[in-house]
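So the structure is just underneath, and the comments pick up after that.
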Amino acid sequence: MSERAYNFAYLDEQTKRMIRRAILKAVAIPGYQVPFASREMPMPYGWGTGGVQVTAAILGPDDVLKVIDQGADDTTNAVSIRAFFARTADVATTTDTREATIIQTRHRVPETSLTENQILVYQVPIPEPLRFLEPRETETRTMHALAEYGVMHVKLYEDISRHGHIATAYAYPARVAGRYIMDPSPIPKFDNPKLDNCPALQLFGAGREKRIYAVPPYTKVVSLDFEDHPFERTKFEAACEFCGARDSYLDEVVTDDRGGRMFVCSDTDYCEKRQAAQSRKAAE
Amino acid sequence: MTPSAQDLLVVEALAKRFTLHLHGGADLPVVANVDFRVGRGECVVLGGPSGAGKSSILKIVYGNYGCDAGRILLADGGRVLDIAGAHPHEVILARRRTMGYVSQFLRVIPRVSSLDIVAAAARDAGLGAAEAKARAAALLQRLNLPERLWSLPPATFSGGEQQRVNIARGFAGEHALLILDEPTASLDAGNREAVIALIGERRAQGAGFLAIFHDDDVRARLADRIVDVSRFAPREAA
Amino acid sequence: MSAPLLVARGLGKRFGAVTACRDIGFELEEGEALAIVGESGSGKTTLLHMIAGLMTPDSGEVRYRLRDGAMRDLATLSEAERRALMRTDWGFVHQDAARGLRMNVSAGGNIGERLMALGDRHYGRIRQSAAQWLERVEIPIGRLDDSPATYSGGMRQRLQIARNLVTAPRLVFMDEPTGGLDVSVQARLLDLIRTLISEMGLAVVLVTHDLSVARLLSNRILVMKQGEVIESGLTDRVLDDPRAPYTQLLVSSVLAA
């Protein structure tokens with residue numbers, strides 16, 4: 001492969017500047033969806049083009065990049081995107097959450113607490129939390145501008161009336177800095193509390209919908225609920241089969257055709273670290 | 001004529017004509033130079049041959065018909081209101097507080113029970129829902145309307161039954177002036193008595209009545225004064 | 001006497017060469033029901049939209065007395081103020097109930113939306129208010145969780161009314177509220193509207209082509225023809241003693257059943 005067929009991190013510098021301007025606006029107005037001129041990327045819409053563009057715009061040669069998909073570093077998409085940046089930016093990559101400076105994620109927040117030196121980039125399919133009830137873009141923009149969010153609680157009301165409880169299990173809407181209501185991307189509601197007062201910068205990129213939004217470090221993020229139906233974190237009844245964790249988000253794995261199943265941590269890095277610590281302890 | 005403290009209603013120089021544009025602008029004079037007054041505790045009856053405009057005068061006083069000249073001075077609350085020139089808003093208020101009207105026939109609204117029709121009129125006068133219902137029941141009882149009819153809409157009632165609902169509605173408020181257009185025409189003797197008693201009671205409490213009575217006997221017993229409206233027949237231009 | 005609730009002056013609107021409304025004015029007091037009647041093309045719907053702030057007049061003004069007593073020119077309201085007014089102190093009942101409802105939300109959610117928009121955050125209380133209103137508009141309580149897509153036309157209209165009245169607005173606009181419904185359904189709906197107007201002391205501006213609806217619901221009337229007010233006054237006076245030739249024509253054209 002000839003050297004430098006691509007600019008650093010694939011996008012040209014003017015595009016990166018355009019995206020960074022959008023990011024700055026997003027950080028200045030937490031939770032507000034900033035339109036940006038989303039580019040054609042070498043993967044189709046729906047495969048993380050928004051997240052990739054945000055990462056490409058902020059990536060520097062000294063960064064260490066981690067990419068996860070549903071919590072795992074080793075799924076197809078995570079592997080592809082990591083390889084994409086390795087090739088176009090020649091940047092160091094890692095699976096270790098603590099080592100990474102930029103973490104791009106699809107649909108999960110790492111279990112390991114993040115630090116002020118880190119940026120979490122979320123891949124977002126539908127950035128507009130009001131879209132399901134209000135199909136008109138003109139109307140949703142006005143609703144955000146005027147903070148007319150009654151309809152969000154209508155959605156939660158509907159959940160309770162149909163299921164007896166708020167059934168939204170992922171992409172659970174939250175209010176940012178007491179002003180804008182955002183869709184945190186399809187992360188499980190289990191992860192919502194992690195967004196609140198997080199030391200890391202959180203950026204959200206939606207490529208197909210052409211929007212970027214942000215939650216600056218140490219920002220208040222409150223999940224919506226009712227007084228008599230408060231937000232509750234999902235509790236698992238099992239522990240991780242591999243590392244025994246009781247406080248992480250678990251994936252259910254079917255083990256045989258007789259109904260056998262086990263639960264394992266969705267965050268592969270977190271699980272491996274715990275297992276490694278346990279074997280070291282056992283060896284002592 | 002200026003209204004005295006005892007006057008509820010002073011009508012002066014009232015004139016009314018219909019212009020029937022659909023009949024090529026045919027002109028139909030009805031009355032002219034109508035002058036009379038109604039005092040507190042007085043029952044003034046309009047007499048005269050049919051077609052002379054008695055009913056029309058009642059409707060003009062109530063504001064249901066417009067007029068072409070004259071004044072209709074009503075003692076409304078603490079002030080005098082000229083119905084002839086009043087803003088619709090003021091007439092609406094005057095009808096609610098001061099001036100009531102009982103037509104000859106009940107205009108039927110589908111589906112509302114007779115009790116509710118009367119109670120609604122009481123509520124308009126400011127009564128609470130429960131009180132209004134109680135007053136409505138009392139009036140219907142007084143007018144001998146069988147209780148089994150109270151929860152039914154009057155559309156299927158006999159003429160006499162409908163008219164009793166109509167009268168009850170007219171008396172459900174606390175109007176100082178009540179306008180009655182042949183209220184007893186469709187009633188039998190017993191029910192006529194009930195109405196006469198009702199009118200007598202209100203009159204004793206100070207209410208004034210402007211009425212047309214078809215029945216000589218009723219007229220004789222209730223009228224304090226009879227105003228012959230043939231005096232007000234319009235004269236053709238010379 | 002307190003100041004009027006709504007004052008319209010000199011309202012005019014043109015669409016190209018067509019004058020939809022010319023120099024229309026009136027005052028509406030609290031608790032008064034005004035019917036605007038006319039045939040198609042009379043301008044009555046245009047007038048309604050201008051009064052409700054849904055269309056900008058070419059001339060004239062509309063002023064409304066807010067709950068705090070201040071008389072505001074609707075044209076000077078910000079978008080936020082106007083929308084807030086629409087959600088609280090005003091109601092708008094559309095002829096087609098689907099336009100005034102969220103068809104993919106349950107009846108309870110539809111009625112509760114205004115409450116939630118105003119900050120109500122207690123599911124149980126919101127649901128109870130919605131249930132009370134459902135009963136008040138005579139919809140069986142068992143339909144609370146059903147979407148209005150499963151309702152009949154008359155039920156949808158009653159739900160639309162409940163959705164509008166839950167915040168006890170002082171002024172309700174109605175555009176042919178019984179249009180397109182079966183006669184028996186209309187009668188029941190008119191009944192309900194009449195009762196609610198009386199019980200809640202609502203001021204109403206009602207557009208209809210049906211004189212009997214005007215007679216039943218309103219105490220004042222404006223008769224319009226080709227953008228102008230032909231005659232106005234007390235409803236019973238205008239309908240029983242019409243003066244203008246057009247009004248006489250209109251009144252005489254009504255077929256008795």
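Ordering of the structure tokens sets the chain letters (A, B, ...), residue numbers begin anew at 1 in every chain, and ligands are numbered from 1 in the order given.
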All alpha helix (DSSP H) residues (DSSP, backbone) inside segment 39-100 of chain B, as a CSV table (one decimal) with all heavy atoms, in the first residue's frame:
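What follows is the written file result.csv:
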```csv
chain,number,residue,atom,x,y,z
B,54,LYS,N,-99.8,41.6,19.7
B,54,LYS,CA,-99.5,41.4,21.2
B,54,LYS,C,-98.2,40.6,21.4
B,54,LYS,O,-97.3,41.0,22.1
B,54,LYS,CB,-100.6,40.7,21.9
B,54,LYS,CG,-102.0,41.3,21.7
B,54,LYS,CD,-103.0,40.7,22.7
B,54,LYS,CE,-103.4,39.3,22.3
B,54,LYS,NZ,-104.1,39.2,21.1
B,55,SER,N,-98.1,39.5,20.7
B,55,SER,CA,-97.0,38.6,20.8
B,55,SER,C,-95.7,39.3,20.4
B,55,SER,O,-94.7,39.2,21.0
B,55,SER,CB,-97.2,37.3,19.9
B,55,SER,OG,-97.0,36.2,20.6
B,56,SER,N,-95.9,40.0,19.3
B,56,SER,CA,-94.7,40.8,18.8
B,56,SER,C,-94.2,41.7,19.8
B,56,SER,O,-93.0,41.9,20.0
B,56,SER,CB,-95.0,41.5,17.5
B,56,SER,OG,-95.4,40.6,16.5
B,57,ILE,N,-95.1,42.4,20.5
B,57,ILE,CA,-94.6,43.4,21.5
B,57,ILE,C,-93.8,42.7,22.6
B,57,ILE,O,-92.7,43.2,23.0
B,57,ILE,CB,-95.8,44.2,22.1
B,57,ILE,CG1,-96.4,45.1,21.0
B,57,ILE,CG2,-95.4,45.0,23.3
B,57,ILE,CD1,-97.6,45.8,21.5
B,58,LEU,N,-94.3,41.5,23.0
B,58,LEU,CA,-93.6,40.8,24.0
B,58,LEU,C,-92.2,40.4,23.5
B,58,LEU,O,-91.2,40.6,24.3
B,58,LEU,CB,-94.3,39.5,24.4
B,58,LEU,CG,-95.6,39.6,25.1
B,58,LEU,CD1,-96.1,38.2,25.6
B,58,LEU,CD2,-95.6,40.6,26.2
B,59,LYS,N,-92.1,40.0,22.3
B,59,LYS,CA,-90.8,39.6,21.7
B,59,LYS,C,-89.9,40.8,21.6
B,59,LYS,O,-88.6,40.7,21.8
B,59,LYS,CB,-91.0,38.9,20.4
B,59,LYS,CG,-91.6,37.5,20.6
B,59,LYS,CD,-91.8,36.8,19.3
B,59,LYS,CE,-92.4,35.4,19.5
B,59,LYS,NZ,-93.0,34.8,18.4
B,60,ILE,N,-90.4,41.9,21.2
B,60,ILE,CA,-89.6,43.1,21.1
B,60,ILE,C,-89.0,43.5,22.5
B,60,ILE,O,-87.8,43.8,22.6
B,60,ILE,CB,-90.4,44.3,20.5
B,60,ILE,CG1,-90.9,43.9,19.1
B,60,ILE,CG2,-89.5,45.6,20.5
B,60,ILE,CD1,-91.9,44.9,18.5
B,61,VAL,N,-89.9,43.5,23.5
B,61,VAL,CA,-89.4,43.8,24.8
B,61,VAL,C,-88.3,42.9,25.2
B,61,VAL,O,-87.3,43.3,25.8
B,61,VAL,CB,-90.6,43.8,25.8
B,61,VAL,CG1,-90.0,43.9,27.3
B,61,VAL,CG2,-91.6,44.9,25.6
B,62,TYR,N,-88.4,41.6,24.9
B,62,TYR,CA,-87.4,40.6,25.3
B,62,TYR,C,-86.1,40.7,24.5
B,62,TYR,O,-85.1,40.2,24.8
B,62,TYR,CB,-88.0,39.2,25.2
B,62,TYR,CG,-87.1,38.2,25.9
B,62,TYR,CD1,-86.8,38.2,27.3
B,62,TYR,CD2,-86.6,37.1,25.2
B,62,TYR,CE1,-86.0,37.3,27.9
B,62,TYR,CE2,-85.8,36.1,25.8
B,62,TYR,CZ,-85.5,36.2,27.2
B,62,TYR,OH,-84.8,35.3,27.8
B,88,PRO,N,-75.7,43.5,22.4
B,88,PRO,CA,-76.1,42.1,22.7
B,88,PRO,C,-75.7,41.6,24.0
B,88,PRO,O,-76.4,40.9,24.7
B,88,PRO,CB,-75.6,41.3,21.5
B,88,PRO,CG,-75.4,42.3,20.4
B,88,PRO,CD,-75.2,43.6,21.0
B,89,HIS,N,-74.4,41.9,24.3
B,89,HIS,CA,-73.9,41.4,25.6
B,89,HIS,C,-74.7,41.9,26.8
B,89,HIS,O,-75.0,41.1,27.7
B,89,HIS,CB,-72.4,42.0,25.8
B,89,HIS,CG,-71.9,41.7,27.1
B,89,HIS,ND1,-71.6,40.5,27.6
B,89,HIS,CD2,-71.5,42.6,28.1
B,89,HIS,CE1,-71.1,40.5,28.8
B,89,HIS,NE2,-71.0,41.8,29.1
B,90,GLU,N,-75.2,43.1,26.8
B,90,GLU,CA,-76.0,43.6,27.9
B,90,GLU,C,-77.3,43.0,27.9
B,90,GLU,O,-77.9,42.7,29.0
B,90,GLU,CB,-76.1,45.1,27.8
B,90,GLU,CG,-74.8,45.8,27.8
B,90,GLU,CD,-74.9,47.3,27.8
B,90,GLU,OE1,-75.3,47.8,26.7
B,90,GLU,OE2,-74.7,48.0,28.8
B,91,VAL,N,-77.9,42.7,26.7
B,91,VAL,CA,-79.2,42.0,26.7
B,91,VAL,C,-79.1,40.6,27.3
B,91,VAL,O,-79.9,40.1,28.0
B,91,VAL,CB,-79.8,42.0,25.3
B,91,VAL,CG1,-81.1,41.2,25.3
B,91,VAL,CG2,-79.9,43.4,24.7
B,92,ILE,N,-77.9,39.9,26.9
B,92,ILE,CA,-77.7,38.6,27.5
B,92,ILE,C,-77.7,38.6,29.0
B,92,ILE,O,-78.3,37.8,29.7
B,92,ILE,CB,-76.4,38.0,26.9
B,92,ILE,CG1,-76.5,37.7,25.4
B,92,ILE,CG2,-76.0,36.7,27.7
B,92,ILE,CD1,-75.2,37.5,24.7
B,93,LEU,N,-77.0,39.6,29.5
B,93,LEU,CA,-76.9,39.7,31.0
B,93,LEU,C,-78.3,40.0,31.6
B,93,LEU,O,-78.7,39.5,32.6
B,93,LEU,CB,-75.9,40.8,31.4
B,93,LEU,CG,-74.4,40.4,31.2
B,93,LEU,CD1,-73.5,41.6,31.6
B,93,LEU,CD2,-74.1,39.2,32.0
B,94,ALA,N,-79.0,41.0,30.9
B,94,ALA,CA,-80.3,41.4,31.4
B,94,ALA,C,-81.2,40.2,31.5
B,94,ALA,O,-82.0,40.0,32.4
B,94,ALA,CB,-80.9,42.5,30.6
B,95,ARG,N,-81.2,39.3,30.4
B,95,ARG,CA,-82.0,38.1,30.4
B,95,ARG,C,-81.7,37.1,31.5
B,95,ARG,O,-82.5,36.4,32.0
B,95,ARG,CB,-81.9,37.4,29.0
B,95,ARG,CG,-82.5,38.1,27.9
B,95,ARG,CD,-82.2,37.4,26.6
B,95,ARG,NE,-82.9,38.0,25.5
B,95,ARG,CZ,-82.8,37.5,24.2
B,95,ARG,NH1,-82.0,36.4,24.0
B,95,ARG,NH2,-83.5,38.0,23.2
B,96,ARG,N,-80.4,37.1,31.8
B,96,ARG,CA,-80.0,36.2,32.8
B,96,ARG,C,-80.4,36.7,34.2
B,96,ARG,O,-80.9,35.9,35.0
B,96,ARG,CB,-78.4,36.1,32.8
B,96,ARG,CG,-77.9,34.7,33.2
B,96,ARG,CD,-76.4,34.6,33.0
B,96,ARG,NE,-76.1,34.2,31.7
B,96,ARG,CZ,-74.9,34.4,31.1
B,96,ARG,NH1,-73.9,35.0,31.8
B,96,ARG,NH2,-74.6,34.1,29.9
B,97,ARG,N,-80.3,38.0,34.5
B,97,ARG,CA,-80.6,38.4,35.8
B,97,ARG,C,-81.9,39.0,36.0
B,97,ARG,O,-82.5,38.9,37.1
B,97,ARG,CB,-79.7,39.7,36.2
B,97,ARG,CG,-78.3,39.8,35.8
B,97,ARG,CD,-77.7,41.0,36.5
B,97,ARG,NE,-77.7,42.1,35.7
B,97,ARG,CZ,-76.5,42.6,35.2
B,97,ARG,NH1,-75.4,42.1,35.4
B,97,ARG,NH2,-76.6,43.7,34.4
```
Which residues come within 6 Å of Arg37 of chain B, counting only C-alpha atoms, excluding same-chain residues fewer than 4 positions away, as a list of chain:residue names? B:Leu9, B:Val10, B:Val11
Resulting file, chosen residues, all heavy atoms, as a PDB file, in the first residue's frame:
```
ATOM      1  N   LEU B   9     -90.381  48.327  33.968  1.00  0.00           N
ATOM      2  CA  LEU B   9     -90.272  48.428  32.511  1.00  0.00           C
ATOM      3  C   LEU B   9     -91.058  49.636  32.032  1.00  0.00           C
ATOM      4  O   LEU B   9     -92.203  49.830  32.435  1.00  0.00           O
ATOM      5  CB  LEU B   9     -90.842  47.155  31.864  1.00  0.00           C
ATOM      6  CG  LEU B   9     -90.874  47.100  30.330  1.00  0.00           C
ATOM      7  CD1 LEU B   9     -89.468  46.903  29.785  1.00  0.00           C
ATOM      8  CD2 LEU B   9     -91.778  45.967  29.861  1.00  0.00           C
ATOM      9  N   VAL B  10     -90.417  50.447  31.205  1.00  0.00           N
ATOM     10  CA  VAL B  10     -91.138  51.547  30.561  1.00  0.00           C
ATOM     11  C   VAL B  10     -90.910  51.436  29.058  1.00  0.00           C
ATOM     12  O   VAL B  10     -89.778  51.493  28.586  1.00  0.00           O
ATOM     13  CB  VAL B  10     -90.628  52.921  31.058  1.00  0.00           C
ATOM     14  CG1 VAL B  10     -91.299  54.038  30.266  1.00  0.00           C
ATOM     15  CG2 VAL B  10     -90.882  53.083  32.536  1.00  0.00           C
ATOM     16  N   VAL B  11     -92.002  51.266  28.322  1.00  0.00           N
ATOM     17  CA  VAL B  11     -91.910  51.204  26.862  1.00  0.00           C
ATOM     18  C   VAL B  11     -92.482  52.492  26.313  1.00  0.00           C
ATOM     19  O   VAL B  11     -93.594  52.886  26.683  1.00  0.00           O
ATOM     20  CB  VAL B  11     -92.713  49.993  26.319  1.00  0.00           C
ATOM     21  CG1 VAL B  11     -92.753  50.020  24.796  1.00  0.00           C
ATOM     22  CG2 VAL B  11     -92.083  48.696  26.819  1.00  0.00           C
TER      23      VAL B  11
END
```
Residues within 9 Å of Thr208 of chain C, only C-alpha atoms, excluding chain neighbours under 4 positions, as an MDAnalysis selection string: chainID C and resid 35:39 44:45 174:179 213:214
Restricted to all heavy atoms, what would the selected residues look like written as an mmCIF file, in the first residue's frame?
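Ended up saving to selection.cif:
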```
data_model
loop_
_atom_site.group_PDB
_atom_site.id
_atom_site.type_symbol
_atom_site.label_atom_id
_atom_site.label_comp_id
_atom_site.auth_asym_id
_atom_site.auth_seq_id
_atom_site.Cartn_x
_atom_site.Cartn_y
_atom_site.Cartn_z
ATOM 1 N N ALA C 35 -71.466 32.647 17.285
ATOM 2 C CA ALA C 35 -71.459 31.790 16.105
ATOM 3 C C ALA C 35 -71.159 32.632 14.887
ATOM 4 O O ALA C 35 -71.693 33.745 14.746
ATOM 5 C CB ALA C 35 -72.808 31.097 15.941
ATOM 6 N N ILE C 36 -70.290 32.136 14.028
ATOM 7 C CA ILE C 36 -70.029 32.808 12.757
ATOM 8 C C ILE C 36 -70.609 31.900 11.688
ATOM 9 O O ILE C 36 -70.136 30.779 11.492
ATOM 10 C CB ILE C 36 -68.522 33.004 12.524
ATOM 11 C CG1 ILE C 36 -67.916 33.787 13.689
ATOM 12 C CG2 ILE C 36 -68.282 33.746 11.213
ATOM 13 C CD1 ILE C 36 -66.402 33.890 13.631
ATOM 14 N N VAL C 37 -71.677 32.349 11.063
ATOM 15 C CA VAL C 37 -72.346 31.488 10.087
ATOM 16 C C VAL C 37 -72.251 32.082 8.696
ATOM 17 O O VAL C 37 -72.101 33.289 8.519
ATOM 18 C CB VAL C 37 -73.834 31.244 10.440
ATOM 19 C CG1 VAL C 37 -73.975 30.686 11.831
ATOM 20 C CG2 VAL C 37 -74.650 32.494 10.271
ATOM 21 N N GLY C 38 -72.322 31.195 7.732
ATOM 22 C CA GLY C 38 -72.282 31.637 6.346
ATOM 23 C C GLY C 38 -72.131 30.410 5.484
ATOM 24 O O GLY C 38 -71.842 29.323 5.981
ATOM 25 N N GLU C 39 -72.298 30.606 4.217
ATOM 26 C CA GLU C 39 -72.156 29.479 3.309
ATOM 27 C C GLU C 39 -70.694 29.344 2.883
ATOM 28 O O GLU C 39 -69.842 30.125 3.294
ATOM 29 C CB GLU C 39 -73.090 29.686 2.108
ATOM 30 C CG GLU C 39 -74.549 29.740 2.576
ATOM 31 C CD GLU C 39 -75.517 30.034 1.463
ATOM 32 O OE1 GLU C 39 -75.382 31.103 0.832
ATOM 33 O OE2 GLU C 39 -76.401 29.206 1.217
ATOM 34 N N LYS C 44 -65.769 32.644 6.653
ATOM 35 C CA LYS C 44 -65.901 32.396 8.086
ATOM 36 C C LYS C 44 -64.722 31.597 8.649
ATOM 37 O O LYS C 44 -64.250 31.874 9.757
ATOM 38 C CB LYS C 44 -67.231 31.690 8.400
ATOM 39 C CG LYS C 44 -67.455 30.370 7.695
ATOM 40 C CD LYS C 44 -68.907 29.911 7.916
ATOM 41 C CE LYS C 44 -69.121 28.458 7.539
ATOM 42 N NZ LYS C 44 -68.962 28.186 6.108
ATOM 43 N N THR C 45 -64.231 30.627 7.861
ATOM 44 C CA THR C 45 -63.107 29.842 8.365
ATOM 45 C C THR C 45 -61.830 30.671 8.399
ATOM 46 O O THR C 45 -61.024 30.576 9.321
ATOM 47 C CB THR C 45 -62.912 28.581 7.504
ATOM 48 O OG1 THR C 45 -64.134 27.873 7.471
ATOM 49 C CG2 THR C 45 -61.821 27.704 8.061
ATOM 50 N N MET C 174 -64.214 26.630 17.724
ATOM 51 C CA MET C 174 -64.746 25.384 17.161
ATOM 52 C C MET C 174 -65.020 25.578 15.677
ATOM 53 O O MET C 174 -65.689 26.535 15.282
ATOM 54 C CB MET C 174 -66.052 25.000 17.857
ATOM 55 C CG MET C 174 -65.892 24.724 19.328
ATOM 56 S SD MET C 174 -67.376 23.951 19.988
ATOM 57 C CE MET C 174 -67.067 24.137 21.735
ATOM 58 N N ASP C 175 -64.504 24.643 14.890
ATOM 59 C CA ASP C 175 -64.730 24.714 13.449
ATOM 60 C C ASP C 175 -65.625 23.568 13.049
ATOM 61 O O ASP C 175 -65.184 22.431 12.949
ATOM 62 C CB ASP C 175 -63.367 24.621 12.738
ATOM 63 C CG ASP C 175 -63.496 24.836 11.241
ATOM 64 O OD1 ASP C 175 -64.620 25.096 10.770
ATOM 65 O OD2 ASP C 175 -62.468 24.738 10.552
ATOM 66 N N GLU C 176 -66.899 23.875 12.808
ATOM 67 C CA GLU C 176 -67.881 22.861 12.425
ATOM 68 C C GLU C 176 -67.742 21.601 13.274
ATOM 69 O O GLU C 176 -67.471 20.519 12.743
ATOM 70 C CB GLU C 176 -67.734 22.489 10.943
ATOM 71 C CG GLU C 176 -67.691 23.648 9.989
ATOM 72 C CD GLU C 176 -69.044 24.001 9.394
ATOM 73 O OE1 GLU C 176 -70.079 23.495 9.892
ATOM 74 O OE2 GLU C 176 -69.086 24.809 8.453
ATOM 75 N N PRO C 177 -67.923 21.705 14.573
ATOM 76 C CA PRO C 177 -67.623 20.580 15.455
ATOM 77 C C PRO C 177 -68.473 19.343 15.204
ATOM 78 O O PRO C 177 -68.080 18.246 15.577
ATOM 79 C CB PRO C 177 -67.892 21.139 16.855
ATOM 80 C CG PRO C 177 -68.816 22.282 16.644
ATOM 81 C CD PRO C 177 -68.477 22.854 15.302
ATOM 82 N N THR C 178 -69.632 19.523 14.565
ATOM 83 C CA THR C 178 -70.457 18.344 14.339
ATOM 84 C C THR C 178 -70.511 17.970 12.864
ATOM 85 O O THR C 178 -71.303 17.124 12.463
ATOM 86 C CB THR C 178 -71.898 18.592 14.819
ATOM 87 O OG1 THR C 178 -72.413 19.733 14.129
ATOM 88 C CG2 THR C 178 -71.927 18.841 16.308
ATOM 89 N N GLY C 179 -69.672 18.589 12.070
ATOM 90 C CA GLY C 179 -69.690 18.322 10.646
ATOM 91 C C GLY C 179 -69.381 16.865 10.344
ATOM 92 O O GLY C 179 -68.503 16.276 10.933
ATOM 93 N N VAL C 213 -77.413 24.596 14.733
ATOM 94 C CA VAL C 213 -76.272 24.476 15.653
ATOM 95 C C VAL C 213 -75.995 25.830 16.290
ATOM 96 O O VAL C 213 -75.763 25.950 17.491
ATOM 97 C CB VAL C 213 -75.014 23.962 14.912
ATOM 98 C CG1 VAL C 213 -73.773 24.085 15.780
ATOM 99 C CG2 VAL C 213 -75.210 22.521 14.478
ATOM 100 N N ALA C 214 -76.054 26.885 15.448
ATOM 101 C CA ALA C 214 -75.829 28.235 15.954
ATOM 102 C C ALA C 214 -76.870 28.581 17.011
ATOM 103 O O ALA C 214 -76.559 29.119 18.069
ATOM 104 C CB ALA C 214 -75.876 29.243 14.809
#
```
Contact residues (chain C, partner chain B, 6 Å, only C-alpha atoms) as a list in words: Gly233, Leu234, Asp236, Arg237, Asp241 and Pro245 of chain C
Would you mind listing what lies within 10 Å of Thr268 of chain A as a VMD selection string, with only C-alpha atoms counted and same-chain residues fewer than 6 positions away left out? chain A and resid 68 70 to 74 95 to 96 110 to 111 274
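Around Val18 of chain C, within 12 Å and counting only C-alpha atoms, the residues found are Gly12, Lys13, Gly41, Ser42, Gly43, Gln226 and Gly227 of chain C, once anything fewer than 5 positions away on its own chain is removed.
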Would you list, as a PyMOL selection string, the residues of segment 154-223 of chain B that end up in strand (DSSP E) under DSSP run on this structure's backbone? chain B and resi 177-181+208-212
Residues of chain C within 7 Å of chain A, using only C-alpha atoms, as a PyMOL selection string? chain C and resi 80+106+109+113+116-117+121-123+145
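The neighbours of segment 217-222 of chain A here are the residues that come within 7 Å of it, using only C-alpha atoms and leaving out any residue fewer than 2 positions away in the same chain; they are Ala174, Arg175, Val176, Ala177, Leu195, Asp196, Asn197, Cys198, Pro199, Ala200, Leu201, Val215 and Leu224 of chain A.
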List the spatial neighbours of Pro49 of chain B as a PDB file with C-alpha atoms, in the first residue's frame - criterion: any atom at most 9 Å away, only C-alpha atoms, same-chain residues fewer than 3 positions off excluded.
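After the write, selection-v7.pdb holds the following:
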```
ATOM      1  CA  ALA B  52    -102.846  42.993  16.559  1.00  0.00           C
ATOM      2  CA  GLY B  53     -99.215  42.481  17.522  1.00  0.00           C
ATOM      3  CA  LYS B  54     -99.477  41.419  21.178  1.00  0.00           C
ATOM      4  CA  ASP B 228    -105.343  47.285  24.632  1.00  0.00           C
ATOM      5  CA  VAL B 229    -102.808  47.005  21.824  1.00  0.00           C
ATOM      6  CA  SER B 230    -105.254  47.995  19.132  1.00  0.00           C
TER       7      SER B 230
END
```
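Atom CA of Leu250 of chain A is positioned 9.9 Å from atom CA of Glu237 of chain A.
Atom CA of Leu47 of chain C sits 25.5 Å away from atom CA of Thr138 of chain A.
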A straight line from atom CA of Leu59 of chain A to atom CA of Ala100 of chain A spans 11.8 Å
